[in-house]
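Notes to accompany the following structure.
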Amino acid sequence: MNIYKPYEELADTADTLHLKLSDPRERILFVLYRGVPIGLFLLIWYVLQEEGSRIPMGFIYVYLLISAVLIGLLFFKSYITEIKIAAGNIFMVQKTLTGVKEINIPVQDADYINLHVRRGKGGGAKFILHTKKKRRFTILHIPSVWVDDTHIVLIADTLHQLLAVEIKKT
């Protein structure tokens, strides 16, 4: 049984953990982070073309500013699609706007992992790796559909054993 849903478990041994985001989930994230911002931009353009003369100019500027920030945050967001913890290294494949970026972090540089569990419709569980160089990476994001308290504890124990770092729950 795969406790790492929506990730595919490629290897899970005492000294190795190799997970890859499933293809459907990866497509969903691509549409969310690349397609939705383009659609929002086109929607904003259409609304301003059709209704712009009836909207006060101040509201248009506020509308454009909020929309530009939202589109920018979504469009430039990067996400981890694969993680491998083995042989004293944490290897991650990160999808960015410009392509694929490979990140390799020695286990000694890992400071702690922050586990953030949120219940409800937009909830889920996030395992955020904090390094000693003050960088942070969301190594696992489990949507609320697959969140199970037993699985979260098992995942936290596995990460604690492999990385020998503290798991802080918030």
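A note on labels: chains of the structure tokens are A, B, ... as shown, every chain counts residues from 1, and ligands are counted from 1 in their shown order.
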List as a PyMOL selection string the protein and nucleic acid residues near Asp148 in chain A, meaning an atom at most 12 Å away when only C-alpha atoms are counted, but skip any in the same chain fewer than 2 places from it.
chain A and resi 2-5+117-119+124-125+142-146+150-155
Could you name the residues that touch range 88-97 of chain A at 9 Å or less, counting only C-alpha atoms, but leaving out those on the same chain fewer than 4 positions away, as number ranges by chain?
A: 34, 75-84, 101-108, 110, 139, 162-163
Take the residues from that selection and write them out as an mmCIF file, in the first residue's frame, keeping C-alpha atoms.
```cif
data_model
loop_
_atom_site.group_PDB
_atom_site.id
_atom_site.type_symbol
_atom_site.label_atom_id
_atom_site.label_comp_id
_atom_site.auth_asym_id
_atom_site.auth_seq_id
_atom_site.Cartn_x
_atom_site.Cartn_y
_atom_site.Cartn_z
ATOM 1 C CA ARG A 34 0.876 27.756 -16.229
ATOM 2 C CA PHE A 75 2.971 31.761 -13.232
ATOM 3 C CA PHE A 76 6.418 31.909 -11.605
ATOM 4 C CA LYS A 77 5.672 29.240 -8.980
ATOM 5 C CA SER A 78 7.932 26.205 -9.070
ATOM 6 C CA TYR A 79 7.120 22.767 -7.685
ATOM 7 C CA ILE A 80 8.963 19.557 -6.817
ATOM 8 C CA THR A 81 8.082 16.574 -9.022
ATOM 9 C CA GLU A 82 10.578 14.015 -7.773
ATOM 10 C CA ILE A 83 12.547 13.453 -4.567
ATOM 11 C CA LYS A 84 15.204 10.900 -3.742
ATOM 12 C CA LYS A 101 16.065 22.270 -12.200
ATOM 13 C CA GLU A 102 17.898 19.566 -10.278
ATOM 14 C CA ILE A 103 18.688 20.281 -6.639
ATOM 15 C CA ASN A 104 21.152 18.255 -4.600
ATOM 16 C CA ILE A 105 21.411 18.919 -0.858
ATOM 17 C CA PRO A 106 23.706 16.985 1.491
ATOM 18 C CA VAL A 107 21.800 15.511 4.445
ATOM 19 C CA GLN A 108 24.112 17.415 6.815
ATOM 20 C CA ALA A 110 19.133 19.777 6.464
ATOM 21 C CA ILE A 139 9.363 18.231 -0.475
ATOM 22 C CA LEU A 162 16.480 8.992 6.749
ATOM 23 C CA LEU A 163 17.459 12.598 7.473
#
```
Minimum-distance residue to Leu17 in chain A, chosen among A:Leu74, A:Met1, A:Ala68, A:Ala86 (using only C-alpha atoms)
A:Ala86
List every residue of range 19-142 of chain A that DSSP, applied to the backbone of this structure, places in strand (DSSP E or B), and write the result as number ranges by chain.
A: 19-21, 79-86, 89-96, 99-106, 110-118, 124-131, 136-142
Can I get the selection written as a compact mmCIF listing (two decimals), in the first residue's frame, with C-alpha atoms?
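Written out: out.txt:
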```txt
# COMPACT_ATOMS: atom_id res chain seq x y z
CA LEU A 19 9.15 9.31 -4.83
CA LYS A 20 7.82 10.76 -8.07
CA LEU A 21 4.69 12.81 -8.60
CA TYR A 79 7.12 22.77 -7.68
CA ILE A 80 8.96 19.56 -6.82
CA THR A 81 8.08 16.57 -9.02
CA GLU A 82 10.58 14.02 -7.77
CA ILE A 83 12.55 13.45 -4.57
CA LYS A 84 15.20 10.90 -3.74
CA ILE A 85 16.84 10.57 -0.34
CA ALA A 86 19.80 8.17 -0.48
CA ASN A 89 22.00 13.30 -0.26
CA ILE A 90 18.59 14.77 -0.92
CA PHE A 91 18.04 14.95 -4.67
CA MET A 92 15.02 16.86 -5.98
CA VAL A 93 13.70 17.62 -9.45
CA GLN A 94 11.97 21.00 -9.54
CA LYS A 95 9.82 22.27 -12.40
CA THR A 96 10.29 25.98 -12.97
CA GLY A 99 12.40 24.16 -17.41
CA VAL A 100 13.64 21.51 -15.02
CA LYS A 101 16.07 22.27 -12.20
CA GLU A 102 17.90 19.57 -10.28
CA ILE A 103 18.69 20.28 -6.64
CA ASN A 104 21.15 18.25 -4.60
CA ILE A 105 21.41 18.92 -0.86
CA PRO A 106 23.71 16.98 1.49
CA ALA A 110 19.13 19.78 6.46
CA ASP A 111 18.12 21.68 9.59
CA TYR A 112 14.55 20.55 10.28
CA ILE A 113 11.29 19.64 8.58
CA ASN A 114 8.13 21.61 9.24
CA LEU A 115 4.95 19.53 8.98
CA HIS A 116 1.93 21.68 8.27
CA VAL A 117 -1.44 19.90 8.32
CA ARG A 118 -4.56 21.83 7.38
CA GLY A 124 -3.66 18.90 3.07
CA ALA A 125 -0.28 18.10 4.53
CA LYS A 126 3.00 19.75 3.59
CA PHE A 127 6.46 18.61 4.56
CA ILE A 128 8.73 21.65 4.23
CA LEU A 129 12.49 21.07 4.44
CA HIS A 130 14.47 23.92 6.00
CA THR A 131 18.21 23.97 5.38
CA ARG A 136 13.14 25.95 2.24
CA PHE A 137 11.66 23.36 -0.07
CA THR A 138 8.19 21.79 0.00
CA ILE A 139 9.36 18.23 -0.47
CA LEU A 140 5.96 16.56 -0.10
CA HIS A 141 2.48 18.02 -0.53
CA ILE A 142 -0.36 15.63 0.12
```
What is the distance, in Å and to one decimal place, between CA of Asp149 in chain A and CA of Ala11 in chain A?
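That distance, rounded to one decimal, is 22.0 Å.
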Using DSSP on the backbone, list every residue of range 4-120 of chain A that comes out as helix (DSSP H, G or I), and give them as an MDAnalysis selection string.
chainID A and resid 23:54 57:75 107:109
Give me a file of those residues, with C-alpha atoms, as an mmCIF file, in the first residue's frame.
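Okay, this is what ended up in selection_2.cif:
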```cif
data_model
loop_
_atom_site.group_PDB
_atom_site.id
_atom_site.type_symbol
_atom_site.label_atom_id
_atom_site.label_comp_id
_atom_site.auth_asym_id
_atom_site.auth_seq_id
_atom_site.Cartn_x
_atom_site.Cartn_y
_atom_site.Cartn_z
ATOM 1 C CA ASP A 23 1.510 11.879 -14.146
ATOM 2 C CA PRO A 24 -2.106 13.048 -13.638
ATOM 3 C CA ARG A 25 -1.084 15.137 -10.625
ATOM 4 C CA GLU A 26 1.824 16.628 -12.560
ATOM 5 C CA ARG A 27 -0.541 17.619 -15.383
ATOM 6 C CA ILE A 28 -2.929 19.212 -12.876
ATOM 7 C CA LEU A 29 -0.091 21.277 -11.398
ATOM 8 C CA PHE A 30 1.047 22.337 -14.873
ATOM 9 C CA VAL A 31 -2.442 23.543 -15.749
ATOM 10 C CA LEU A 32 -2.808 25.272 -12.375
ATOM 11 C CA TYR A 33 0.539 27.083 -12.485
ATOM 12 C CA ARG A 34 0.876 27.756 -16.229
ATOM 13 C CA GLY A 35 -2.575 27.548 -17.843
ATOM 14 C CA VAL A 36 -4.703 29.302 -15.235
ATOM 15 C CA PRO A 37 -2.567 32.488 -15.198
ATOM 16 C CA ILE A 38 -2.792 32.750 -18.981
ATOM 17 C CA GLY A 39 -6.564 32.238 -18.769
ATOM 18 C CA LEU A 40 -6.819 34.897 -16.048
ATOM 19 C CA PHE A 41 -4.866 37.325 -18.188
ATOM 20 C CA LEU A 42 -7.200 36.730 -21.138
ATOM 21 C CA LEU A 43 -10.255 37.066 -18.893
ATOM 22 C CA ILE A 44 -8.992 40.380 -17.480
ATOM 23 C CA TRP A 45 -8.305 41.669 -20.976
ATOM 24 C CA TYR A 46 -11.804 40.651 -22.108
ATOM 25 C CA VAL A 47 -13.550 42.228 -19.098
ATOM 26 C CA LEU A 48 -11.652 45.482 -19.523
ATOM 27 C CA GLN A 49 -12.414 45.554 -23.243
ATOM 28 C CA GLU A 50 -16.127 44.943 -22.766
ATOM 29 C CA GLU A 51 -16.866 46.739 -19.506
ATOM 30 C CA GLY A 52 -13.903 49.087 -19.067
ATOM 31 C CA SER A 53 -15.814 52.230 -20.000
ATOM 32 C CA ARG A 54 -18.349 51.623 -17.198
ATOM 33 C CA MET A 57 -10.552 54.355 -13.350
ATOM 34 C CA GLY A 58 -9.434 53.782 -9.727
ATOM 35 C CA PHE A 59 -11.113 50.376 -9.654
ATOM 36 C CA ILE A 60 -9.442 49.440 -12.912
ATOM 37 C CA TYR A 61 -5.989 50.193 -11.458
ATOM 38 C CA VAL A 62 -6.735 48.195 -8.286
ATOM 39 C CA TYR A 63 -8.154 45.352 -10.389
ATOM 40 C CA LEU A 64 -5.071 45.314 -12.628
ATOM 41 C CA LEU A 65 -2.652 45.451 -9.683
ATOM 42 C CA ILE A 66 -4.295 42.593 -7.787
ATOM 43 C CA SER A 67 -4.597 40.545 -10.971
ATOM 44 C CA ALA A 68 -0.959 41.135 -11.950
ATOM 45 C CA VAL A 69 0.255 40.020 -8.512
ATOM 46 C CA LEU A 70 -1.920 36.900 -8.590
ATOM 47 C CA ILE A 71 -0.899 35.997 -12.140
ATOM 48 C CA GLY A 72 2.772 36.564 -11.332
ATOM 49 C CA LEU A 73 2.644 34.427 -8.186
ATOM 50 C CA LEU A 74 0.971 31.561 -10.015
ATOM 51 C CA PHE A 75 2.971 31.761 -13.232
ATOM 52 C CA VAL A 107 21.800 15.511 4.445
ATOM 53 C CA GLN A 108 24.112 17.415 6.815
ATOM 54 C CA ASP A 109 22.703 20.707 5.472
#
```
